[in-house]
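All remarks here apply to the structure that follows.
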Amino acid sequence: MRLLQHGDNGELNLTEDFAGDDVIPPYAILSHTWGADTDEVTFEDLVNGTGKDKPGYKKIQFCREQARQDDLQYFWIDTCCINKDNRAELSLAINSMFRWYHKASRCYVYLSDVSKKRARDSEDTWELDFRKSRWFTRGWTLQELLAPTSVEFFSQERRRLGDKSSLRQQIHEITNISHSALQGDRLSQFSVEERLRWIEHRETKLEEDKVYSLLGIFDVYILPAYGEGTASARQKCIQDLRLTDPRDDKKRIEDTKGGLLDDAYCWILENPDFQQWRDDQKSCLLWINGEPGKGKTMLLCGLINELNKSINKTALLSFFFCQATDLRIKNAIAVLRGLVYLLADQQPSLISHIQKKYNYGGRTVFEDANAWVAMSEIFTNILQDPSLNSTYLIIDALDECIAADLPKLLDFIVQKSSISPRVKWIVSSRNWSDIKKRLERSEQKVGLCLELNAESVSVAVSIYIRQKVHQLAQEKEYDDKTRNAVLDHLSLNAESTFLWVALVYENLQRVKPWNVLARLNEFPPGLDPLYRRMMEQINYSDDAALCKQILASIAIVYRPVTLKELASFIDMPGNISYNLKWLPEIISLCGSFLTVREGTIYFVHQSAKEYLLTSALNKIFPSGVGDVHYLIFSRSLQAMSQTLHQDIYKLRLPGISANLVETPDPDPLVSLRYPCVYWANHLQEAYKTSVLCQSDLMDDGAIYQFLQNYFLYWLEALSLIRDISMGVLAIYSLERVVLINTKAEKSPKLHLFVHDIKRFTLYNRSVIEQAPLQLYLSALIFAPKKSIVRQYFQGHIPTWIQRKSETQDNWRATLQTLEGHSREVASVAFSLDGNIVASGSYDNTVRLWDASTGAALQTLEGHSNWVMSVAYSPDGNIVASGSYDNTVRLWNADTGMTLQTLEGHSRGVMSVAFSPGGNIVASGSYDNTVRLWSADTGMTLQTLEGHSRGVTSVAFSPDGNIVASGSYDRTVRLWDADTGMTLQTLEGHSHGVTSVAFSPDGNIVASGSYDNTVRLWDAGTSTALQMLEGHSREVTSVAFSPDGNIVASGSYDNTVQLWDASTGAALQTLEGHSDWVTSVAFSLDGNIVASGSYDNTVRLWDAGTSTALQTLEDHSHRTLEGHSRDVTSVAFSLDGNIVASGSYDRTVRLWDASTGAALQTLEGHSNWVMSVAYSPDGNIVASGSYNNTVRLWDAGTGTALQTLKGHSDWVMSVAFSLDGKYLKTNMGVLQIDSSKVVWLPPDYRATCIAVWDRIITLGHSSVISSMIEAINSMINGNLFLATVVSSKRNASR
């Protein structure tokens, strides 16, 4: 933030830009409406000393004089205090504007269209103009009204009209903003809908600003992108919502089934059940049910046509077809997306409900772990919209929705079917009891069973038969005898089943006309007998083996595959694999079990797949299902080995973002998308029952050879097809198989390799996802020296990287770094099964993460202040969170919905814990109390009082009888959970207690403290058993391993320590976080430790790999150690022989750049050293410090030459390359040549940078420095630059 300052001489001066932790002086702020751009004074005007003749300068003079009268030396005006040519500064300003107005001492509103000519004018004289003022119609002025505490209004004559308090009623009447919001209540207390109504009738000059002006009101951060426009933004929103167009699905289904016959469905229009639904306002839900093949889908297609013709022109009709054979459209989220898409397309005003979510999340709103929650809310808001016209909603084939989603979709339909008589629903499914039970809960349901309307269905099938026979007779030129025989056979055997008729029709199309009469008896009545006959025909065909292989493969693949994918893992005879045009014909030989749509193979009906996997199991899997899984695995491995290679898309630029990659045509990965993702899954299934894969799992077998030669190419392919998460799961599948094999002592070498590729992938996941080609740079450069992947693939590192910083020998304990929180992580917890990690953050959210892949599963939003503690219920169904907003929230772990909000604490909640039974929640608070709550009702059971200062931590004993609490009063208290009585007070810590934990047997209590120690206590006698010393700063969190043998502790010294609980000996130190560690937790098996940190990340550590946990002390000459605190700045002497480094330890150190030897330690600063630089001749070192001084040192002797005083603020850091291109370390700005870019993994992200010739030196918060040398000289071309991913941002370059 940059302020204007009025000096004693009347001059106006712009201050330096306040940033970071800079103390901003009290200031006033101006709110006004802009004139023409040429009328306003700009930042450039002030810098150049121009603009005083512009009309807008009068507003500056007004603000200056008013601030002077209020004893304020500084003031801020948006027109001239922001350098709008600097996109980074403009972006920061837009996102900070609300906060700047909120922190202003005074806000002056200058109303250029309101006049108060005489001081004695009454309010009535100017109030009419006040109510009509343009200021109340502008978008940006909304936050300028709500954010500041003091808002004063002035007329065009600069006369005070009143303030936000005295004019509250008038402002309320003008804006419809509630009194409480105008009085300063938290805006988060008001619904999204209400806050959006405040800006509904306001306008902005640029369409995008209507969104950006709301950022502070919704407390969100986005990167501004001007030029998109509202219309374009709406179009993009709808495009991203569209998963499928159900109108296209309807046409495809009708075409696939041979067209829609009007006479085949019209019977339903006269059906009493249908008429009741149509005419009775109370009957809002019609359930059409029947067995497979009865024509439910085509019936609904006909109803859609009829409703389109009969309903009012203003009415809306939306529909969706679930299909189990199509992965895209068989889940609950897809259903809602399809319905909402058609509704918004027909009534565009409804798009606003979608945009409320979309504007702050983009496409991920429809796709991430919270998509069901978001789409449910969007759909509900649409149904409740007063402007919604009469609406008809139709969903076909509920039984084909995936099993995990079906219950919640049914419950949603039942709940929403009663929301309004204007909305009517039709759904169809098989007559399953589970579906029937859930739909019976709707009091407004009408049922229509096709079996109970057999006569009507039979007539419809007869019409369908006549149409199909007519088609056959024309196409095949039947004579009358043949035609009548076919008609009779189909009529006698169809059993009112459309699907049976369709299948016989498909088979007869392949029979020669003269053979039809002889073949008719081959088509028995009923679906299962017909399927059986189809299998018999396949068995007698010339292509029986190939057809059965295809049917077996399609039956067990994990998603529908394309023709080209099928060719990659099926043994095709002759030239078929090279002539893909024959594949559709091969599929047609599979007895009508399969169909091909847009190049993808599907079962003709779900019942066909069910038949093959039950009745025909032995026929298509003669050697067992495992052997077919093995065949797919083996062929997939071969296909990948034949095609994959480095830079398969010929991107050439290693720094290119995955978002900018365009799929080439032809796509070399088009046939490998399925094999790349699922080969290991098929191996895992094959291993269960087939002996074929044993040789592949041996050391140096097929799998080892594939990994040795193609592993990086495989990861690159996964990144390009955006499926790294599935790749991680594939590695876990492979590891499980190899681990079993290793226990049988068959493949120890392969086991080590697979463990290494897992560590390599997890560590580099974020880099690989963002920039695929960084696999061959960043991932290899920073891999441990003994990494097997690095050893096999180090030849792929570009030749322009000549020298690399030394890395550790083995993998560190960090398994994964989970990035996503926008502020510090305060707490972490594992679910009981160890599959999910929960984290609470200062960004007011709780996040749930997949512990295996690191994928973000849910973001739980609702707290209005920092989330300080999270805990899982023992059954894993509920997450509890405690917050600075004084509440505890209970969340459904699956849906992310809030179950309970527990209110009662008068200050922030610092800790939450579940009782072992899960029925009680304990919470500790800064109000000095512990509260026990019923997890079912949310009622307060006990309030435990006794601590004299804030309670920081609570824990239940394993039997649930005792609650332990730690407090800033330096004590641990043990309470009886039933009576609330104090049992023990454990005293001994010399500073506040921050964390408590029980051992698994309940006999020991561990406590961490601000006195830098962990103490172990006997829970029965209160005797101090051990004092664990080793942390150099405050201990924030403690946890026991599940077996009770190890205690983990996190600290402000940025480390996690593991201790022997029996002896107190320090076992390991886990280093890697770049800021305070605030929380630690063990997984259920004790193999993983999770830690949350102020560096905004959660790290997962391998608790058992001691070699990866050591503190590195034997680095080469390129790792410079000696500073006792963070390195803040580094610089080379001009000849490159010496490196200078500044540190938070208040010293400057000089190092020999060749040997790494410490040459000098320059001591004298009384505060942190933030910047160092060499004079051009190399004789003097200058250092800037937080003590506002610059010191000059003799580089040869280390003698202090001068102390330059006079700065009014901290001296910060800027380091220049010799060609004059600078790296501004506090902003992370680098000139990037995208042809030579190295992304930095979390452990190597720099706090400062210096460049000399070809060498880049990076300073780290881990008290070390690293060097990278490029072959091209920085002086001659600046061709190499590191891409820095800041520890405080997801990705800044």
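Residues are named by chain letter and number: chains run A, B, ... in the order of the structure tokens, numbers start at 1 in each chain, and ligands are numbered from 1 in the order shown.
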Next on the checklist: What parts of stretch 42-205 of chain A does DSSP call strand (DSSP E or B)? I'd like the answer as a PyMOL selection string.
Outcome noted: chain A and resi 74-76+106-110+138+151-154+160-163+203
Checklist entry - How far is it from atom CA of A:Pro916 to atom CA of A:Val996, in Å with one decimal? => result 16.1 Å
Next on the checklist: Env of stretch 62-70 of chain A: 8 Å cut, atoms = only C-alpha atoms, seq-sep filter 2 positions within chain, self excluded. Answer as a ChimeraX atom specification.
Outcome noted: /A:6,27-30,58-60,72-75,108,158
Pull N, CA, C and O atoms from the residues just selected and write them as a PDB file, in the first residue's frame.
```pdb
ATOM      1  N   HIS A   6       1.128  14.694   3.380  1.00  0.00           N
ATOM      2  CA  HIS A   6       1.231  16.153   3.207  1.00  0.00           C
ATOM      3  C   HIS A   6       2.303  16.673   4.161  1.00  0.00           C
ATOM      4  O   HIS A   6       2.290  16.425   5.361  1.00  0.00           O
ATOM      5  N   TYR A  27      -4.245   6.584   8.587  1.00  0.00           N
ATOM      6  CA  TYR A  27      -4.486   7.312   7.345  1.00  0.00           C
ATOM      7  C   TYR A  27      -5.988   7.498   7.130  1.00  0.00           C
ATOM      8  O   TYR A  27      -6.819   6.765   7.695  1.00  0.00           O
ATOM      9  N   ALA A  28      -6.301   8.481   6.306  1.00  0.00           N
ATOM     10  CA  ALA A  28      -7.672   8.695   5.834  1.00  0.00           C
ATOM     11  C   ALA A  28      -7.780   8.132   4.422  1.00  0.00           C
ATOM     12  O   ALA A  28      -6.759   7.901   3.751  1.00  0.00           O
ATOM     13  N   ILE A  29      -9.004   7.910   3.963  1.00  0.00           N
ATOM     14  CA  ILE A  29      -9.210   7.332   2.645  1.00  0.00           C
ATOM     15  C   ILE A  29     -10.378   8.029   1.979  1.00  0.00           C
ATOM     16  O   ILE A  29     -11.350   8.419   2.653  1.00  0.00           O
ATOM     17  N   LEU A  30     -10.303   8.210   0.686  1.00  0.00           N
ATOM     18  CA  LEU A  30     -11.349   8.929  -0.051  1.00  0.00           C
ATOM     19  C   LEU A  30     -12.211   7.948  -0.828  1.00  0.00           C
ATOM     20  O   LEU A  30     -11.697   7.037  -1.490  1.00  0.00           O
ATOM     21  N   LYS A  58      -8.866  18.582  -7.379  1.00  0.00           N
ATOM     22  CA  LYS A  58      -9.620  19.220  -6.289  1.00  0.00           C
ATOM     23  C   LYS A  58     -10.021  18.200  -5.224  1.00  0.00           C
ATOM     24  O   LYS A  58     -10.097  18.532  -4.036  1.00  0.00           O
ATOM     25  N   LYS A  59     -10.267  16.974  -5.643  1.00  0.00           N
ATOM     26  CA  LYS A  59     -10.616  15.926  -4.671  1.00  0.00           C
ATOM     27  C   LYS A  59      -9.417  15.576  -3.797  1.00  0.00           C
ATOM     28  O   LYS A  59      -9.559  15.273  -2.608  1.00  0.00           O
ATOM     29  N   ILE A  60      -8.233  15.597  -4.409  1.00  0.00           N
ATOM     30  CA  ILE A  60      -7.017  15.359  -3.622  1.00  0.00           C
ATOM     31  C   ILE A  60      -6.841  16.457  -2.585  1.00  0.00           C
ATOM     32  O   ILE A  60      -6.529  16.195  -1.414  1.00  0.00           O
ATOM     33  N   LEU A  72      -4.494  13.760  10.724  1.00  0.00           N
ATOM     34  CA  LEU A  72      -3.945  12.620  10.001  1.00  0.00           C
ATOM     35  C   LEU A  72      -2.973  13.130   8.943  1.00  0.00           C
ATOM     36  O   LEU A  72      -3.323  13.956   8.098  1.00  0.00           O
ATOM     37  N   GLN A  73      -1.749  12.617   8.991  1.00  0.00           N
ATOM     38  CA  GLN A  73      -0.703  13.095   8.090  1.00  0.00           C
ATOM     39  C   GLN A  73      -0.749  12.369   6.741  1.00  0.00           C
ATOM     40  O   GLN A  73      -0.220  12.868   5.750  1.00  0.00           O
ATOM     41  N   TYR A  74      -1.394  11.196   6.717  1.00  0.00           N
ATOM     42  CA  TYR A  74      -1.382  10.380   5.521  1.00  0.00           C
ATOM     43  C   TYR A  74      -2.809  10.160   5.026  1.00  0.00           C
ATOM     44  O   TYR A  74      -3.766  10.097   5.816  1.00  0.00           O
ATOM     45  N   PHE A  75      -2.967   9.986   3.709  1.00  0.00           N
ATOM     46  CA  PHE A  75      -4.270   9.655   3.141  1.00  0.00           C
ATOM     47  C   PHE A  75      -4.065   8.857   1.851  1.00  0.00           C
ATOM     48  O   PHE A  75      -2.963   8.818   1.295  1.00  0.00           O
ATOM     49  N   TYR A 108     -13.752   9.496   3.851  1.00  0.00           N
ATOM     50  CA  TYR A 108     -14.493  10.675   3.416  1.00  0.00           C
ATOM     51  C   TYR A 108     -15.170  10.357   2.090  1.00  0.00           C
ATOM     52  O   TYR A 108     -14.508   9.994   1.107  1.00  0.00           O
ATOM     53  N   ARG A 158     -17.827  20.635  -0.102  1.00  0.00           N
ATOM     54  CA  ARG A 158     -16.957  20.091   0.942  1.00  0.00           C
ATOM     55  C   ARG A 158     -17.552  20.302   2.330  1.00  0.00           C
ATOM     56  O   ARG A 158     -16.823  20.348   3.318  1.00  0.00           O
TER      57      ARG A 158
END
```
Item to check | Nearest to A:Ile703, chosen from A:Ile1046, A:Leu1025, A:Ile648, A:Met640, with only C-alpha atoms counted in the distances | outcome: A:Met640
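Residues lying within 7 Å of A:Ser995, counting only C-alpha atoms and ignoring same-chain neighbours fewer than 6 positions away, are Thr952, Ser953, Gly966, Ser1007, Gly1008, Thr1036, Ser1037 and Val1038 of chain A.
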Checklist entry - Quick one: distance from atom CA of A:Glu945 to atom CA of A:Arg907 in Å, one decimal? => result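 Spanning atom CA of A:Glu945 to atom CA of A:Arg907 is a straight-line distance of 14.3 Å.
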Next on the checklist: Quick one: residues within 10 Å of A:Arg559, only C-alpha atoms, excluding same-chain residues fewer than 5 positions away - as a PyMOL selection string?
Outcome noted: chain A and resi 325-328+554+601-602+674+678
Checklist entry - What does the distance between atom CA of A:Pro148 and atom CA of A:Ser180 come to in Å, to one decimal place? => result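 Answer for the atom CA of A:Pro148 to atom CA of A:Ser180 separation: 14.0 Å.
Among the candidates A:Glu598, A:Ala922, A:Ile556, A:Leu660, the one nearest to A:Tyr630 when counting only C-alpha atoms is A:Ile556.
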Next on the checklist: Excluding A:Ser690 and its own-chain neighbours fewer than 2 positions away, which residues fall within 8 Å of it when counting only C-alpha atoms? Please give them as a list in words.
Outcome noted: Gly624, Gly626, Asp627, Tyr630, Ala686, Tyr687, Lys688, Leu692 and Cys693 of chain A
Can I get the selection written as a short mmCIF file (atom, residue, chain, number, x, y, z; two decimals), in the first residue's frame, with all heavy atoms?
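Once everything was written out, this is out-v5.cif:
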```cif
data_model
loop_
_atom_site.label_atom_id
_atom_site.label_comp_id
_atom_site.auth_asym_id
_atom_site.auth_seq_id
_atom_site.Cartn_x
_atom_site.Cartn_y
_atom_site.Cartn_z
N GLY A 624 -10.17 -68.64 -16.21
CA GLY A 624 -10.36 -67.79 -15.04
C GLY A 624 -10.23 -66.31 -15.39
O GLY A 624 -9.56 -65.93 -16.36
N GLY A 626 -8.63 -64.09 -13.79
CA GLY A 626 -7.27 -63.61 -13.56
C GLY A 626 -6.41 -63.64 -14.80
O GLY A 626 -5.58 -62.73 -15.03
N ASP A 627 -6.58 -64.66 -15.64
CA ASP A 627 -5.76 -64.75 -16.85
C ASP A 627 -6.07 -63.63 -17.84
O ASP A 627 -5.19 -63.15 -18.55
CB ASP A 627 -5.97 -66.11 -17.53
CG ASP A 627 -5.17 -67.21 -16.86
OD1 ASP A 627 -4.62 -66.96 -15.77
OD2 ASP A 627 -5.13 -68.34 -17.39
N TYR A 630 -4.42 -60.62 -16.61
CA TYR A 630 -2.99 -60.68 -16.93
C TYR A 630 -2.73 -60.30 -18.38
O TYR A 630 -1.77 -59.59 -18.70
CB TYR A 630 -2.43 -62.08 -16.67
CG TYR A 630 -0.99 -62.20 -17.13
CD1 TYR A 630 0.04 -61.64 -16.39
CD2 TYR A 630 -0.68 -62.80 -18.36
CE1 TYR A 630 1.35 -61.70 -16.82
CE2 TYR A 630 0.63 -62.87 -18.80
CZ TYR A 630 1.64 -62.32 -18.03
OH TYR A 630 2.94 -62.36 -18.47
N ALA A 686 -4.80 -59.84 -11.47
CA ALA A 686 -4.22 -61.08 -12.02
C ALA A 686 -3.47 -61.85 -10.94
O ALA A 686 -3.52 -63.09 -10.88
CB ALA A 686 -3.30 -60.75 -13.19
N TYR A 687 -2.76 -61.13 -10.08
CA TYR A 687 -1.93 -61.77 -9.06
C TYR A 687 -2.76 -62.60 -8.08
O TYR A 687 -2.27 -63.57 -7.51
CB TYR A 687 -1.14 -60.70 -8.31
CG TYR A 687 -0.10 -61.28 -7.36
CD1 TYR A 687 1.12 -61.73 -7.83
CD2 TYR A 687 -0.36 -61.37 -5.99
CE1 TYR A 687 2.07 -62.26 -6.97
CE2 TYR A 687 0.57 -61.91 -5.13
CZ TYR A 687 1.79 -62.35 -5.62
OH TYR A 687 2.72 -62.89 -4.76
N LYS A 688 -4.03 -62.23 -7.91
CA LYS A 688 -4.89 -62.93 -6.94
C LYS A 688 -5.15 -64.37 -7.34
O LYS A 688 -5.23 -65.26 -6.49
CB LYS A 688 -6.21 -62.19 -6.78
CG LYS A 688 -6.09 -60.81 -6.15
CD LYS A 688 -7.45 -60.11 -6.10
CE LYS A 688 -7.34 -58.72 -5.50
NZ LYS A 688 -8.66 -58.01 -5.49
N LEU A 692 0.33 -66.61 -14.11
CA LEU A 692 1.05 -66.13 -15.30
C LEU A 692 1.99 -64.97 -15.00
O LEU A 692 3.00 -64.79 -15.69
CB LEU A 692 0.05 -65.71 -16.38
CG LEU A 692 -0.85 -66.82 -16.94
CD1 LEU A 692 -1.83 -66.24 -17.94
CD2 LEU A 692 0.00 -67.91 -17.61
N CYS A 693 1.65 -64.17 -13.96
CA CYS A 693 2.42 -62.95 -13.72
C CYS A 693 3.64 -63.18 -12.83
O CYS A 693 4.37 -62.22 -12.53
CB CYS A 693 1.54 -61.87 -13.13
SG CYS A 693 0.71 -62.34 -11.61
#
```
Which residues, written as a PDB file with N, CA and C atoms, in the first residue's frame, have at least one atom at most 9 Å from A:Cys547, with only C-alpha atoms counted and residues fewer than 4 positions away on the same chain left out?
```pdb
ATOM      1  N   ILE A 538     -21.690 -67.466 -31.134  1.00  0.00           N
ATOM      2  CA  ILE A 538     -20.299 -67.009 -31.109  1.00  0.00           C
ATOM      3  C   ILE A 538     -19.352 -68.205 -31.030  1.00  0.00           C
ATOM      4  N   ASN A 539     -19.721 -69.205 -30.219  1.00  0.00           N
ATOM      5  CA  ASN A 539     -18.862 -70.380 -30.050  1.00  0.00           C
ATOM      6  C   ASN A 539     -18.639 -71.121 -31.374  1.00  0.00           C
ATOM      7  N   ASP A 543     -14.569 -66.705 -35.662  1.00  0.00           N
ATOM      8  CA  ASP A 543     -13.836 -65.743 -34.824  1.00  0.00           C
ATOM      9  C   ASP A 543     -14.169 -65.910 -33.344  1.00  0.00           C
ATOM     10  N   LEU A 551     -15.141 -59.848 -25.500  1.00  0.00           N
ATOM     11  CA  LEU A 551     -16.229 -59.792 -24.515  1.00  0.00           C
ATOM     12  C   LEU A 551     -15.682 -59.870 -23.096  1.00  0.00           C
ATOM     13  N   ALA A 552     -14.711 -60.761 -22.887  1.00  0.00           N
ATOM     14  CA  ALA A 552     -14.127 -60.906 -21.550  1.00  0.00           C
ATOM     15  C   ALA A 552     -13.426 -59.610 -21.128  1.00  0.00           C
ATOM     16  N   ILE A 586     -15.335 -56.345 -36.345  1.00  0.00           N
ATOM     17  CA  ILE A 586     -15.033 -57.379 -35.352  1.00  0.00           C
ATOM     18  C   ILE A 586     -16.004 -57.266 -34.176  1.00  0.00           C
ATOM     19  N   ILE A 587     -16.261 -56.052 -33.714  1.00  0.00           N
ATOM     20  CA  ILE A 587     -17.195 -55.852 -32.600  1.00  0.00           C
ATOM     21  C   ILE A 587     -18.587 -56.349 -32.974  1.00  0.00           C
ATOM     22  N   LEU A 589     -19.340 -58.805 -34.681  1.00  0.00           N
ATOM     23  CA  LEU A 589     -19.407 -60.268 -34.629  1.00  0.00           C
ATOM     24  C   LEU A 589     -19.668 -60.797 -33.222  1.00  0.00           C
ATOM     25  N   CYS A 590     -19.661 -59.880 -32.225  1.00  0.00           N
ATOM     26  CA  CYS A 590     -19.808 -60.323 -30.824  1.00  0.00           C
ATOM     27  C   CYS A 590     -21.266 -60.494 -30.441  1.00  0.00           C
ATOM     28  N   GLY A 591     -22.065 -60.992 -31.361  1.00  0.00           N
ATOM     29  CA  GLY A 591     -23.420 -61.423 -31.056  1.00  0.00           C
ATOM     30  C   GLY A 591     -24.351 -60.356 -30.535  1.00  0.00           C
ATOM     31  N   ILE A 620     -16.537 -67.302 -21.329  1.00  0.00           N
ATOM     32  CA  ILE A 620     -15.632 -66.242 -21.799  1.00  0.00           C
ATOM     33  C   ILE A 620     -14.361 -66.156 -20.952  1.00  0.00           C
TER      34      ILE A 620
END
```
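Distance annotation: of A:Gly1002, A:His947, A:Ser112, A:Gln239, the residue with the minimal separation from A:Asn961 is A:Gly1002; atom set is only C-alpha atoms.
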Counting only C-alpha atoms, which residues of stretch 707-796 of chain A fall within 12 Å of stretch 819-822 of chain A, and what is the closest atom pair for each with its distance in Å at one decimal, ordered by chain and rising number, as a Markdown table?
```
| residue | atom | partner | partner_atom | distance |
| --- | --- | --- | --- | --- |
| A:Arg765 | CA | A:Glu819 | CA | 11.0 |
| A:Ser766 | CA | A:Glu819 | CA | 8.6 |
| A:Val767 | CA | A:Glu819 | CA | 11.7 |
```
May I have the selected residues written with C-alpha atoms, as a JSON list (two decimals), in the first residue's frame?
```
[["chain", "number", "residue", "atom", "x", "y", "z"],
["A", 765, "ARG", "CA", 3.70, -34.73, -7.80],
["A", 766, "SER", "CA", 2.91, -31.01, -7.76],
["A", 767, "VAL", "CA", 5.78, -30.23, -10.15]]
```
Each stretch 474-550 of chain A residue no farther than 12 Å from stretch 442-451 of chain A, nearest pair in Å, only C-alpha atoms, as CSV:
```
residue,atom,partner,partner_atom,distance
A:Glu495,CA,A:Glu451,CA,11.0
A:Ser496,CA,A:Glu451,CA,9.3
A:Thr497,CA,A:Glu451,CA,10.7
```
Residues as selected, N, CA and C atoms, written as a PDB file, in the first residue's frame, can you do that?
```pdb
ATOM      1  N   GLU A 495     -42.562 -61.538 -25.333  1.00  0.00           N
ATOM      2  CA  GLU A 495     -42.915 -61.414 -23.908  1.00  0.00           C
ATOM      3  C   GLU A 495     -42.881 -59.950 -23.449  1.00  0.00           C
ATOM      4  N   SER A 496     -43.413 -59.088 -24.327  1.00  0.00           N
ATOM      5  CA  SER A 496     -43.556 -57.649 -24.004  1.00  0.00           C
ATOM      6  C   SER A 496     -42.213 -56.998 -23.653  1.00  0.00           C
ATOM      7  N   THR A 497     -41.143 -57.445 -24.343  1.00  0.00           N
ATOM      8  CA  THR A 497     -39.813 -56.917 -24.041  1.00  0.00           C
ATOM      9  C   THR A 497     -39.205 -56.293 -25.297  1.00  0.00           C
TER      10      THR A 497
END
```
